[in-house]
>>> print(open('start-v4.cif').read())   # mmCIF, C-alpha atoms and all ligand atoms
data_coords
loop_
_atom_site.label_atom_id
_atom_site.label_comp_id
_atom_site.auth_asym_id
_atom_site.auth_seq_id
_atom_site.Cartn_x
_atom_site.Cartn_y
_atom_site.Cartn_z
CA MET A 1 51.44 94.62 -1.25
CA ASN A 2 49.80 93.06 -4.27
CA THR A 3 47.44 95.44 -6.03
CA LEU A 4 45.54 92.86 -8.12
CA LYS A 5 41.81 93.46 -8.08
CA ILE A 6 39.81 90.27 -8.54
CA PRO A 7 36.24 90.74 -9.73
CA PHE A 8 33.53 88.13 -9.21
CA ALA A 9 33.10 87.76 -12.97
CA ASN A 10 34.51 89.51 -16.03
CA LEU A 11 31.87 89.83 -18.72
CA SER A 12 33.75 92.42 -20.77
CA ALA A 13 36.74 90.05 -21.08
CA GLN A 14 34.40 87.42 -22.48
CA TYR A 15 32.98 89.94 -24.97
CA LEU A 16 36.43 91.10 -26.10
CA HIS A 17 37.44 87.48 -26.71
CA LEU A 18 34.52 87.04 -29.15
CA LYS A 19 34.02 90.67 -30.21
CA ALA A 20 34.29 90.24 -33.99
CA GLU A 21 31.79 87.35 -34.09
CA ILE A 22 29.34 88.91 -31.64
CA ASP A 23 29.40 92.27 -33.39
CA GLN A 24 28.75 90.55 -36.71
CA ALA A 25 25.89 88.48 -35.29
CA VAL A 26 24.25 91.58 -33.77
CA GLU A 27 24.69 93.53 -36.99
CA GLN A 28 23.05 90.73 -38.99
CA VAL A 29 19.97 90.85 -36.78
CA LEU A 30 19.84 94.65 -36.96
CA MET A 31 20.11 94.49 -40.75
CA ARG A 32 17.46 91.77 -41.10
CA GLY A 33 15.20 93.44 -38.55
CA ASP A 34 13.75 90.10 -37.43
CA PHE A 35 13.83 91.07 -33.77
CA ILE A 36 10.87 88.95 -32.65
CA MET A 37 10.99 85.19 -33.31
CA GLY A 38 13.70 85.74 -35.91
CA GLN A 39 15.98 83.26 -37.62
CA ALA A 40 18.51 83.07 -34.77
CA VAL A 41 15.85 81.97 -32.25
CA GLY A 42 14.94 78.74 -34.01
CA GLU A 43 18.58 78.03 -34.82
CA PHE A 44 19.71 78.53 -31.24
CA GLU A 45 16.86 76.38 -29.91
CA HIS A 46 18.05 73.51 -32.11
CA GLU A 47 21.66 74.02 -31.13
CA PHE A 48 20.93 74.14 -27.40
CA ALA A 49 18.66 71.06 -27.54
CA ARG A 50 21.47 69.21 -29.34
CA PHE A 51 24.00 70.42 -26.76
CA CYS A 52 21.87 68.91 -23.97
CA GLY A 53 20.92 65.81 -25.90
CA ALA A 54 17.23 66.71 -25.59
CA GLY A 55 14.48 66.47 -28.17
CA TYR A 56 13.05 69.99 -27.93
CA ALA A 57 13.97 73.44 -26.67
CA VAL A 58 11.85 76.59 -26.50
CA GLY A 59 13.60 79.92 -26.01
CA CYS A 60 12.25 82.23 -23.30
CA GLY A 61 12.73 85.77 -22.08
CA SER A 62 14.33 84.65 -18.80
CA GLY A 63 15.07 81.62 -16.67
CA THR A 64 12.16 82.56 -14.42
CA ALA A 65 9.75 82.60 -17.39
CA ALA A 66 11.21 79.27 -18.52
CA LEU A 67 10.53 77.67 -15.14
CA HIS A 68 7.00 79.09 -15.08
CA LEU A 69 6.33 77.56 -18.52
CA ALA A 70 7.77 74.22 -17.40
CA LEU A 71 5.37 74.13 -14.44
CA LEU A 72 2.39 75.11 -16.62
CA ALA A 73 3.27 72.37 -19.10
CA CYS A 74 3.20 69.91 -16.17
CA GLY A 75 -0.36 71.03 -15.52
CA ILE A 76 0.47 72.71 -12.20
CA GLY A 77 -2.05 75.25 -10.89
CA HIS A 78 -4.37 76.26 -8.06
CA GLY A 79 -4.71 73.71 -5.27
CA ASP A 80 -1.47 71.92 -6.17
CA GLU A 81 1.71 71.72 -4.12
CA VAL A 82 5.23 71.73 -5.55
CA ILE A 83 8.21 70.74 -3.44
CA THR A 84 11.55 72.49 -3.79
CA THR A 85 14.58 73.65 -1.82
CA PRO A 86 14.69 76.77 0.35
CA HIS A 87 18.38 77.12 -0.55
CA THR A 88 18.03 78.65 -4.03
CA PHE A 89 17.36 81.92 -5.78
CA ILE A 90 13.79 83.13 -5.28
CA ALA A 91 12.97 82.64 -8.97
CA THR A 92 12.49 78.92 -8.25
CA SER A 93 9.67 79.48 -5.77
CA GLU A 94 8.23 82.50 -7.63
CA ALA A 95 7.55 80.30 -10.63
CA ILE A 96 5.61 77.87 -8.42
CA THR A 97 3.51 80.58 -6.78
CA GLN A 98 2.79 82.25 -10.12
CA THR A 99 0.98 79.14 -11.34
CA GLY A 100 -1.35 79.45 -8.34
CA ALA A 101 0.22 76.42 -6.64
CA ARG A 102 1.65 76.39 -3.13
CA CYS A 103 5.39 76.21 -2.62
CA VAL A 104 6.48 73.53 -0.14
CA PHE A 105 10.10 73.54 1.01
CA ALA A 106 12.22 70.53 1.90
CA ASP A 107 15.69 70.61 3.46
CA ILE A 108 18.96 70.05 1.59
CA GLU A 109 21.88 67.66 1.87
CA GLU A 110 24.62 68.94 4.13
CA ASN A 111 27.45 68.19 1.70
CA THR A 112 26.09 69.05 -1.76
CA TYR A 113 23.47 71.70 -0.88
CA THR A 114 20.90 70.09 -3.20
CA LEU A 115 17.48 68.67 -2.20
CA ASP A 116 17.59 65.82 0.30
CA PRO A 117 15.34 63.09 -1.18
CA ALA A 118 14.37 61.83 2.31
CA CYS A 119 13.17 65.32 3.28
CA VAL A 120 11.25 65.57 0.00
CA GLU A 121 9.52 62.28 0.68
CA ALA A 122 8.40 63.49 4.10
CA CYS A 123 6.65 66.49 2.47
CA ILE A 124 4.59 64.58 -0.08
CA THR A 125 0.81 64.94 0.37
CA PRO A 126 -2.14 64.04 -1.88
CA ARG A 127 -1.88 67.60 -3.28
CA THR A 128 1.76 67.28 -4.31
CA LYS A 129 2.09 67.41 -8.11
CA ALA A 130 5.76 68.05 -8.79
CA ILE A 131 9.29 68.37 -7.46
CA ILE A 132 11.69 71.05 -8.67
CA ALA A 133 15.28 69.89 -8.26
CA VAL A 134 17.74 72.80 -8.41
CA HIS A 135 21.15 71.81 -9.76
CA LEU A 136 22.83 74.28 -7.45
CA TYR A 137 26.26 75.88 -8.00
CA GLY A 138 26.86 73.70 -11.10
CA GLN A 139 26.19 70.22 -9.73
CA CYS A 140 23.12 68.09 -10.42
CA ALA A 141 20.82 67.09 -7.57
CA GLU A 142 20.42 63.43 -6.57
CA MET A 143 18.18 62.70 -9.56
CA ASP A 144 17.97 58.89 -9.37
CA LYS A 145 16.41 59.02 -5.91
CA LEU A 146 14.15 61.93 -6.84
CA ARG A 147 13.03 60.09 -10.00
CA THR A 148 12.15 57.00 -7.96
CA LEU A 149 10.15 59.14 -5.52
CA ALA A 150 8.40 61.00 -8.33
CA ASP A 151 7.45 57.78 -10.11
CA ARG A 152 6.21 56.13 -6.93
CA HIS A 153 3.90 59.09 -6.17
CA GLY A 154 2.97 60.05 -9.74
CA LEU A 155 4.77 63.41 -9.60
CA LYS A 156 6.44 65.43 -12.32
CA LEU A 157 10.17 66.04 -11.89
CA ILE A 158 11.37 69.46 -13.06
CA GLU A 159 14.99 70.59 -13.25
CA ASP A 160 15.96 74.17 -12.46
CA ALA A 161 19.23 74.01 -14.38
CA ALA A 162 19.93 77.77 -14.31
CA GLN A 163 23.36 77.15 -12.73
CA SER A 164 24.38 73.98 -14.50
CA HIS A 165 24.67 74.30 -18.29
CA GLY A 166 26.78 71.32 -19.36
CA ALA A 167 26.80 69.57 -15.97
CA LYS A 168 26.47 65.77 -16.13
CA TYR A 169 24.86 63.14 -13.92
CA HIS A 170 25.82 59.52 -14.66
CA GLY A 171 27.03 60.84 -18.03
CA LYS A 172 23.71 62.50 -18.94
CA SER A 173 23.40 66.26 -19.30
CA ALA A 174 21.52 68.54 -16.96
CA GLY A 175 18.28 69.27 -18.75
CA THR A 176 17.62 65.63 -19.69
CA LEU A 177 17.22 64.17 -16.20
CA GLY A 178 13.59 65.10 -15.46
CA ASP A 179 10.35 65.59 -17.37
CA VAL A 180 11.27 69.15 -18.32
CA ALA A 181 14.10 71.55 -17.47
CA SER A 182 14.64 75.29 -17.41
CA PHE A 183 17.88 77.17 -17.99
CA SER A 184 18.72 80.83 -17.47
CA PHE A 185 21.09 82.84 -19.65
CA TYR A 186 21.34 85.71 -17.15
CA PRO A 187 24.68 87.37 -18.03
CA GLY A 188 26.73 85.83 -15.21
CA LYS A 189 25.57 82.24 -15.75
CA ASN A 190 27.89 79.65 -17.35
CA LEU A 191 26.24 80.55 -20.65
CA GLY A 192 25.12 84.17 -20.46
CA ALA A 193 23.31 86.51 -22.83
CA ALA A 194 23.69 90.30 -23.08
CA GLY A 195 20.56 90.76 -20.99
CA ASP A 196 17.75 88.48 -19.88
CA ALA A 197 17.16 85.16 -21.62
CA GLY A 198 16.31 81.54 -20.83
CA ILE A 199 15.15 78.28 -22.36
CA VAL A 200 13.07 75.20 -21.54
CA VAL A 201 14.19 71.75 -22.67
CA THR A 202 12.23 68.49 -22.83
CA ASP A 203 11.92 65.19 -24.70
CA ASN A 204 8.13 65.43 -24.59
CA GLU A 205 6.79 66.79 -27.88
CA ALA A 206 3.35 67.70 -26.53
CA MET A 207 4.87 69.64 -23.63
CA ALA A 208 7.23 71.41 -26.01
CA ARG A 209 4.36 72.42 -28.25
CA GLN A 210 2.35 73.71 -25.31
CA MET A 211 5.28 75.70 -23.90
CA ARG A 212 5.95 77.22 -27.32
CA ALA A 213 2.34 78.34 -27.62
CA LEU A 214 2.13 79.68 -24.05
CA SER A 215 5.39 81.60 -24.50
CA ASN A 216 3.82 83.45 -27.44
CA HIS A 217 0.33 84.53 -26.29
CA GLY A 218 -1.26 81.10 -26.70
CA ARG A 219 -1.20 81.56 -30.45
CA ASN A 220 -2.34 79.21 -33.16
CA ASP A 221 -1.42 81.87 -35.68
CA LYS A 222 -1.05 85.63 -35.56
CA TYR A 223 -4.57 86.51 -34.35
CA THR A 224 -6.09 83.24 -33.18
CA HIS A 225 -5.37 82.08 -29.66
CA PHE A 226 -6.40 78.71 -28.26
CA VAL A 227 -5.56 79.79 -24.72
CA GLU A 228 -4.37 82.90 -22.90
CA GLY A 229 -0.58 82.82 -22.78
CA TYR A 230 2.35 85.07 -22.01
CA ASN A 231 4.91 87.21 -23.76
CA TYR A 232 7.85 85.01 -22.76
CA ARG A 233 9.69 85.01 -26.10
CA LEU A 234 13.46 84.87 -26.47
CA ASP A 235 14.78 88.02 -28.23
CA THR A 236 16.41 87.37 -31.58
CA LEU A 237 19.36 89.57 -30.59
CA GLN A 238 19.97 87.48 -27.48
CA ALA A 239 19.63 84.25 -29.47
CA ALA A 240 22.19 85.49 -32.00
CA ILE A 241 24.69 86.29 -29.24
CA LEU A 242 24.03 82.96 -27.51
CA GLN A 243 24.67 81.19 -30.84
CA VAL A 244 28.15 82.70 -30.93
CA LYS A 245 28.83 81.74 -27.32
CA LEU A 246 27.42 78.20 -27.15
CA PRO A 247 30.36 76.55 -29.00
CA HIS A 248 32.66 77.94 -26.29
CA LEU A 249 30.66 76.67 -23.32
CA GLU A 250 32.54 73.37 -22.92
CA ALA A 251 35.89 75.14 -22.90
CA TRP A 252 34.60 77.72 -20.43
CA ASN A 253 33.35 74.97 -18.14
CA GLU A 254 36.76 73.29 -18.38
CA ALA A 255 38.43 76.57 -17.42
CA ARG A 256 36.13 76.79 -14.37
CA LYS A 257 37.02 73.21 -13.41
CA LYS A 258 40.75 74.03 -13.62
CA ILE A 259 40.34 76.91 -11.19
CA ALA A 260 38.28 74.68 -8.89
CA ALA A 261 41.09 72.10 -8.98
CA LEU A 262 43.64 74.77 -8.11
CA TYR A 263 41.53 75.95 -5.15
CA ARG A 264 40.97 72.35 -4.00
CA ASP A 265 44.69 71.75 -4.05
CA ARG A 266 45.62 74.98 -2.26
CA PHE A 267 42.90 74.74 0.40
CA ALA A 268 43.31 71.05 1.27
CA ASP A 269 44.84 71.69 4.72
CA LEU A 270 42.69 74.70 5.70
CA PRO A 271 39.72 74.64 8.09
CA LEU A 272 37.34 75.13 5.15
CA LEU A 273 34.67 72.79 3.86
CA LEU A 274 35.31 72.48 0.11
CA PRO A 275 32.73 71.64 -2.57
CA LEU A 276 31.92 67.94 -2.59
CA GLU A 277 31.66 66.55 -6.08
CA ARG A 278 29.44 63.45 -6.06
CA GLU A 279 30.94 60.50 -7.94
CA SER A 280 27.94 60.41 -10.28
CA ASN A 281 28.48 64.05 -11.21
CA SER A 282 30.50 66.31 -13.42
CA HIS A 283 30.34 69.69 -11.66
CA VAL A 284 30.60 72.82 -13.84
CA TYR A 285 31.36 75.25 -11.00
CA HIS A 286 28.97 78.06 -11.74
CA LEU A 287 30.01 79.02 -8.22
CA TYR A 288 32.89 77.84 -6.04
CA VAL A 289 31.34 77.75 -2.59
CA VAL A 290 33.33 77.02 0.55
CA ARG A 291 32.06 76.84 4.10
CA CYS A 292 33.75 78.58 6.97
CA GLU A 293 32.59 79.28 10.52
CA ARG A 294 34.30 82.69 10.33
CA ARG A 295 32.63 83.43 6.99
CA ASP A 296 31.98 87.16 7.54
CA GLU A 297 35.53 87.78 8.78
CA LEU A 298 36.97 85.92 5.79
CA ARG A 299 34.72 87.86 3.44
CA ASP A 300 35.84 91.23 4.90
CA PHE A 301 39.49 90.16 4.81
CA LEU A 302 39.23 89.26 1.12
CA ALA A 303 37.35 92.49 0.33
CA ARG A 304 40.14 94.55 1.93
CA ARG A 305 42.63 92.76 -0.36
CA GLY A 306 40.55 93.58 -3.45
CA ILE A 307 38.85 90.19 -3.89
CA ALA A 308 35.12 90.17 -4.64
CA THR A 309 33.06 87.36 -3.13
CA GLY A 310 29.38 86.50 -2.86
CA VAL A 311 26.94 84.66 -0.60
CA HIS A 312 24.50 82.40 -2.45
CA TYR A 313 22.22 82.75 -0.57
CA PRO A 314 22.26 84.56 2.79
CA VAL A 315 18.56 84.12 3.75
CA PRO A 316 16.82 80.79 3.08
CA LEU A 317 13.56 81.30 1.21
CA HIS A 318 11.33 79.97 4.00
CA LEU A 319 12.57 82.83 6.22
CA GLN A 320 12.03 85.56 3.62
CA GLU A 321 9.36 88.15 4.39
CA ALA A 322 7.74 87.30 1.06
CA TYR A 323 6.96 83.79 2.33
CA GLN A 324 5.74 84.64 5.82
CA TYR A 325 2.28 83.59 4.69
CA LEU A 326 3.51 80.01 4.20
CA GLY A 327 3.94 79.78 7.97
CA TYR A 328 7.48 78.43 8.21
CA ARG A 329 9.68 79.21 11.21
CA CYS A 330 13.34 79.40 12.06
CA GLY A 331 14.46 75.83 12.78
CA ASP A 332 12.24 74.18 10.17
CA PHE A 333 15.17 73.45 7.84
CA PRO A 334 18.26 73.22 10.04
CA VAL A 335 20.69 72.29 7.28
CA ALA A 336 19.67 75.12 4.95
CA GLU A 337 19.72 77.58 7.86
CA LYS A 338 23.17 76.55 9.08
CA VAL A 339 24.66 76.49 5.60
CA ALA A 340 23.40 80.03 4.90
CA THR A 341 25.54 81.40 7.74
CA GLU A 342 28.75 79.67 6.58
CA ILE A 343 28.85 79.71 2.77
CA LEU A 344 31.11 81.96 0.76
CA SER A 345 31.39 82.04 -3.04
CA LEU A 346 34.94 82.73 -4.21
CA PRO A 347 35.64 84.24 -7.64
CA ILE A 348 35.59 81.65 -10.43
CA PHE A 349 35.05 82.56 -14.07
CA PRO A 350 36.49 81.20 -17.32
CA GLU A 351 38.59 84.28 -18.09
CA MET A 352 40.28 84.20 -14.67
CA SER A 353 44.05 83.82 -15.04
CA GLU A 354 46.09 81.34 -13.05
CA ALA A 355 47.83 84.31 -11.41
CA GLU A 356 44.46 85.66 -10.27
CA ALA A 357 43.37 82.28 -8.91
CA ASP A 358 46.77 81.97 -7.18
CA PHE A 359 46.30 85.36 -5.60
CA VAL A 360 42.85 84.42 -4.29
CA ALA A 361 44.23 81.13 -2.92
CA ALA A 362 47.21 82.81 -1.29
CA THR A 363 45.02 85.48 0.28
CA VAL A 364 42.64 82.88 1.71
CA ARG A 365 45.71 81.08 3.14
CA ASP A 366 46.91 84.38 4.65
CA PHE A 367 43.61 84.72 6.48
CA PHE A 368 44.17 81.43 8.28
CA ALA A 369 47.94 81.97 8.81
C1 LIG B 1 19.46 82.67 -12.19
C2 LIG B 1 18.54 81.70 -11.62
C3 LIG B 1 17.18 81.65 -11.97
C4 LIG B 1 16.47 82.72 -12.74
O1 LIG B 1 16.94 83.07 -13.93
P1 LIG B 1 16.61 84.50 -14.59
O2 LIG B 1 17.09 84.30 -15.98
O3 LIG B 1 17.36 85.55 -13.83
O4 LIG B 1 15.14 84.70 -14.53
C5 LIG B 1 16.41 80.61 -11.49
N1 LIG B 1 16.91 79.68 -10.67
C6 LIG B 1 18.19 79.71 -10.27
C7 LIG B 1 18.70 78.64 -9.36
C8 LIG B 1 19.04 80.72 -10.72
O5 LIG B 1 20.32 80.74 -10.30
#
>>> encode(input="start-v4.cif", output="C-alpha cells")
Amino acid sequence: MNTLKIPFANLSAQYLHLKAEIDQAVEQVLMRGDFIMGQAVGEFEHEFARFCGAGYAVGCGSGTAALHLALLACGIGHGDEVITTPHTFIATSEAITQTGARCVFADIEENTYTLDPACVEACITPRTKAIIAVHLYGQCAEMDKLRTLADRHGLKLIEDAAQSHGAKYHGKSAGTLGDVASFSFYPGKNLGAAGDAGIVVTDNEAMARQMRALSNHGRNDKYTHFVEGYNYRLDTLQAAILQVKLPHLEAWNEARKKIAALYRDRFADLPLLLPLERESNSHVYHLYVVRCERRDELRDFLARRGIATGVHYPVPLHLQEAYQYLGYRCGDFPVAEKVATEILSLPIFPEMSEAEADFVAATVRDFFA
C-alpha cells in the first residue's frame, strides 16, 4: 500500500524554495523599521498593478477589506442593492452588507460555477447599484455579458478576483475587466502572503485616490482627515514577502495548469464532471473542482488513502443562518444548491510533484474501479 500523504497545499515547501530571498526581505524591513506604509508597500503596489496591466493598486490588510473599499469607492451604501453569487466565500457578501447595502443573490452557471448573467438581469431593480462577479476557482466570470448588463442599467461592475491572480479573459487579466477589482493574498491563494493581505486594482484615478485615503483613516495628512475611514493598510512585512513571490506567480500558475491537465487526462473516462474551461478564458486553477454524485463517499475514500480534499463551498450563502434575514429559501437557486452537494476540490498546488498528482489520479480511479 502506498504511504504517500497528499496535503491540500504545501506552504512550507514554497517558503523553502524562496527562503534566502524571503528571509532577506523580512530582515530588511525589520532593520528599517518601516512597518506601516513602508517602502515595500508602494513598490509592491506598483509591481502588482503592472502585473495586472492596471493603472493603480492600493494594498489592503485582507481581501475582504479590499472588496469593502472597492464597494465604497463605487459609492455603495444604505438603500442600495448589490447582486452577487451565493456560491462563493462569505467575504463577498460580508463586504456588501458592511457598506449598509443589501446583498441580492443570483444563481450560477451549471458548467463554470460563475454568475449566470440571465439570472443577474432578472434581479435588477431600481435600487441595484453594482454587480460583484466572483472569478471562482481561478476562472473569470462571463464578463462581456455582465459588462453589457451593467452598462445598460448604469451599474458598477466589481471583480472579486481573490481566486484568480493571473487568470485571463479574452487575453485581459483578471483585475482589469470591471470598474474595480479586489484580490486576496490569504496564504493559500495563488499568490499568498505570510498572513492576511489583499489589494484593490483599478484604472480609475479618482477611485484609487479615494480607496487609498479610506484605507488609511480618511487621511489628508497625519492628523487631518477629510472623511472617517478604516485601518485597512497592507503591512510592510507582507508587502516585502509578496514582492519576492510575485515574480514566481506565472510559473506557479503554469505548474497548477500542468496538474490540471494531468487530472483531465486521467479522469476523461470516469463518471466525474471535470472543470470546464471557457474558450475565452485562461484558468489558473486556484482549485481543481470535480463533480460527483457520490461526492461524500469519494471524499472519505480519498481521506482513508491519505489524500486531503476540500468542498468549496458546502452551504450556499443564501441558506446560511447569517442570511436568514434576507428571506431566501431552499429551492431559490437550484443550480448553486445542487452543485454544493456534488463538488469536491482535489489537491492542486504548484509544489505538487507529478508522482503526487499521479497518486491522486490513480486513487480516484481506484474508487470507481
Ligand atoms: C479568500 C477570498 C476572499 C477573502 O479574502 P481574505 O483575504 O481572506 O479576506 C474573498 N472572496 C473570495 C472568493 C475568496 O476566495
>>> closest_atom_pairs(input="start-v4.cif", of="range 14-128 of chain A", to="range 176-179 of chain A", cutoff="8 Å", atoms="all atoms listed in the file", output="CSV")
residue,atom,partner,partner_atom,distance
A:Cys52,CA,A:Thr176,CA,6.9
A:Gly53,CA,A:Thr176,CA,7.0
A:Ala54,CA,A:Thr176,CA,6.0
>>> write_last_selection(input="start-v4.cif", atoms="C-alpha atoms", output="mmCIF file, in the coordinates of the input")
data_model
loop_
_atom_site.group_PDB
_atom_site.id
_atom_site.type_symbol
_atom_site.label_atom_id
_atom_site.label_comp_id
_atom_site.auth_asym_id
_atom_site.auth_seq_id
_atom_site.Cartn_x
_atom_site.Cartn_y
_atom_site.Cartn_z
ATOM 1 C CA CYS A 52 21.870 68.910 -23.970
ATOM 2 C CA GLY A 53 20.920 65.810 -25.900
ATOM 3 C CA ALA A 54 17.230 66.710 -25.590
#
>>> closest_atom_pairs(input="start-v4.cif", of="chain A", to="ligand LIG 1 (chain B)", cutoff="7 Å", atoms="all atoms listed in the file", output="Markdown table")
| residue | atom | partner | partner_atom | distance |
| --- | --- | --- | --- | --- |
| A:Ser62 | CA | B:LIG1 | O2 | 4.0 |
| A:Gly63 | CA | B:LIG1 | O2 | 3.4 |
| A:Thr64 | CA | B:LIG1 | O4 | 3.7 |
| A:Ala65 | CA | B:LIG1 | O4 | 6.5 |
| A:Thr88 | CA | B:LIG1 | C7 | 5.4 |
| A:Phe89 | CA | B:LIG1 | C7 | 5.0 |
| A:Ala91 | CA | B:LIG1 | C5 | 4.7 |
| A:Thr92 | CA | B:LIG1 | N1 | 5.1 |
| A:Val134 | CA | B:LIG1 | C7 | 6.0 |
| A:Leu136 | CA | B:LIG1 | C7 | 6.3 |
| A:Asp160 | CA | B:LIG1 | N1 | 5.9 |
| A:Ala161 | CA | B:LIG1 | C7 | 6.8 |
| A:Ala162 | CA | B:LIG1 | C8 | 4.7 |
| A:Gln163 | CA | B:LIG1 | O5 | 5.3 |
| A:Ser184 | CA | B:LIG1 | O2 | 4.1 |
| A:Phe185 | CA | B:LIG1 | O2 | 5.6 |
| A:Tyr186 | CA | B:LIG1 | O2 | 4.6 |
| A:Asp196 | CA | B:LIG1 | O2 | 5.8 |
| A:Ala197 | CA | B:LIG1 | O2 | 5.7 |
| A:Gly198 | CA | B:LIG1 | O2 | 5.6 |
>>> residues_around(input="start-v4.cif", residues="range 257-270 of chain A", least_positions_apart="4", cutoff="10 Å", atoms="all atoms listed in the file", output="PyMOL selection string")
chain A and resi 251-253+274-275+282-290+292+346-350+352-354+356-358+360-362+364-365+368-369
>>> closest_residue(input="start-v4.cif", among="A:Gln39, A:Thr309, A:Thr128, A:Gln320", to="Ile83 in chain A", atoms="only C-alpha atoms")
A:Thr128
>>> atom_distance(input="start-v4.cif", atom1="CA of Ala49 in chain A", atom2="CA of Val180 in chain A")
12.0 Å
>>> atom_distance(input="start-v4.cif", atom1="CA of Tyr113 in chain A", atom2="CA of Glu297 in chain A")
22.3 Å
>>> residues_around(input="start-v4.cif", residues="range 206-214 of chain A", least_positions_apart="4", cutoff="7 Å", atoms="all atoms listed in the file", output="short mmCIF file (atom, residue, chain, number, x, y, z; two decimals) with C-alpha atoms, in the coordinates of the input")
data_model
loop_
_atom_site.label_atom_id
_atom_site.label_comp_id
_atom_site.auth_asym_id
_atom_site.auth_seq_id
_atom_site.Cartn_x
_atom_site.Cartn_y
_atom_site.Cartn_z
CA TYR A 56 13.05 69.99 -27.93
CA VAL A 58 11.85 76.59 -26.50
CA LEU A 69 6.33 77.56 -18.52
CA ALA A 73 3.27 72.37 -19.10
CA THR A 202 12.23 68.49 -22.83
CA GLY A 218 -1.26 81.10 -26.70
CA ARG A 219 -1.20 81.56 -30.45
CA GLY A 229 -0.58 82.82 -22.78
CA TYR A 230 2.35 85.07 -22.01
#
>>> atom_distance(input="start-v4.cif", atom1="CA of Leu191 in chain A", atom2="CA of Leu249 in chain A")
6.5 Å
>>> closest_residue(input="start-v4.cif", among="A:Glu94, A:Glu321, A:Glu142, A:Glu254", to="Glu277 in chain A", atoms="all atoms listed in the file")
A:Glu142
>>> residues_around(input="start-v4.cif", residues="range 323-339 of chain A", least_positions_apart="5", cutoff="8 Å", atoms="all atoms listed in the file", output="short mmCIF file (atom, residue, chain, number, x, y, z; two decimals) with C-alpha atoms, in the frame of the given file")
data_model
loop_
_atom_site.label_atom_id
_atom_site.label_comp_id
_atom_site.auth_asym_id
_atom_site.auth_seq_id
_atom_site.Cartn_x
_atom_site.Cartn_y
_atom_site.Cartn_z
CA PRO A 86 14.69 76.77 0.35
CA HIS A 87 18.38 77.12 -0.55
CA ALA A 106 12.22 70.53 1.90
CA ASP A 107 15.69 70.61 3.46
CA ILE A 108 18.96 70.05 1.59
CA GLU A 109 21.88 67.66 1.87
CA GLU A 110 24.62 68.94 4.13
CA TYR A 113 23.47 71.70 -0.88
CA ARG A 291 32.06 76.84 4.10
CA VAL A 315 18.56 84.12 3.75
CA PRO A 316 16.82 80.79 3.08
CA LEU A 317 13.56 81.30 1.21
CA HIS A 318 11.33 79.97 4.00
#
>>> residues_around(input="start-v4.cif", residues="Tyr169 in chain A", least_positions_apart="3", cutoff="6 Å", atoms="only C-alpha atoms", output="tab-separated table (two decimals) with C-alpha atoms, keeping the file's coordinate frame")
chain	number	residue	atom	x	y	z
A	172	LYS	CA	23.71	62.50	-18.94
A	280	SER	CA	27.94	60.41	-10.28
A	281	ASN	CA	28.48	64.05	-11.21
>>> residues_around(input="start-v4.cif", residues="range 74-77 of chain A", least_positions_apart="5", cutoff="9 Å", atoms="only C-alpha atoms", output="number ranges by chain")
A: 69, 82, 96-102, 129-130, 156, 158, 179-180, 207
>>> axis_aligned_box(input="start-v4.cif", around="range 30-44 of chain A", padding_each_side="8 Å", output="AutoDock Vina command-line options")
--center_x 15.5 --center_y 86.3 --center_z -36.2 --size_x 25.2 --size_y 32.6 --size_z 25.9
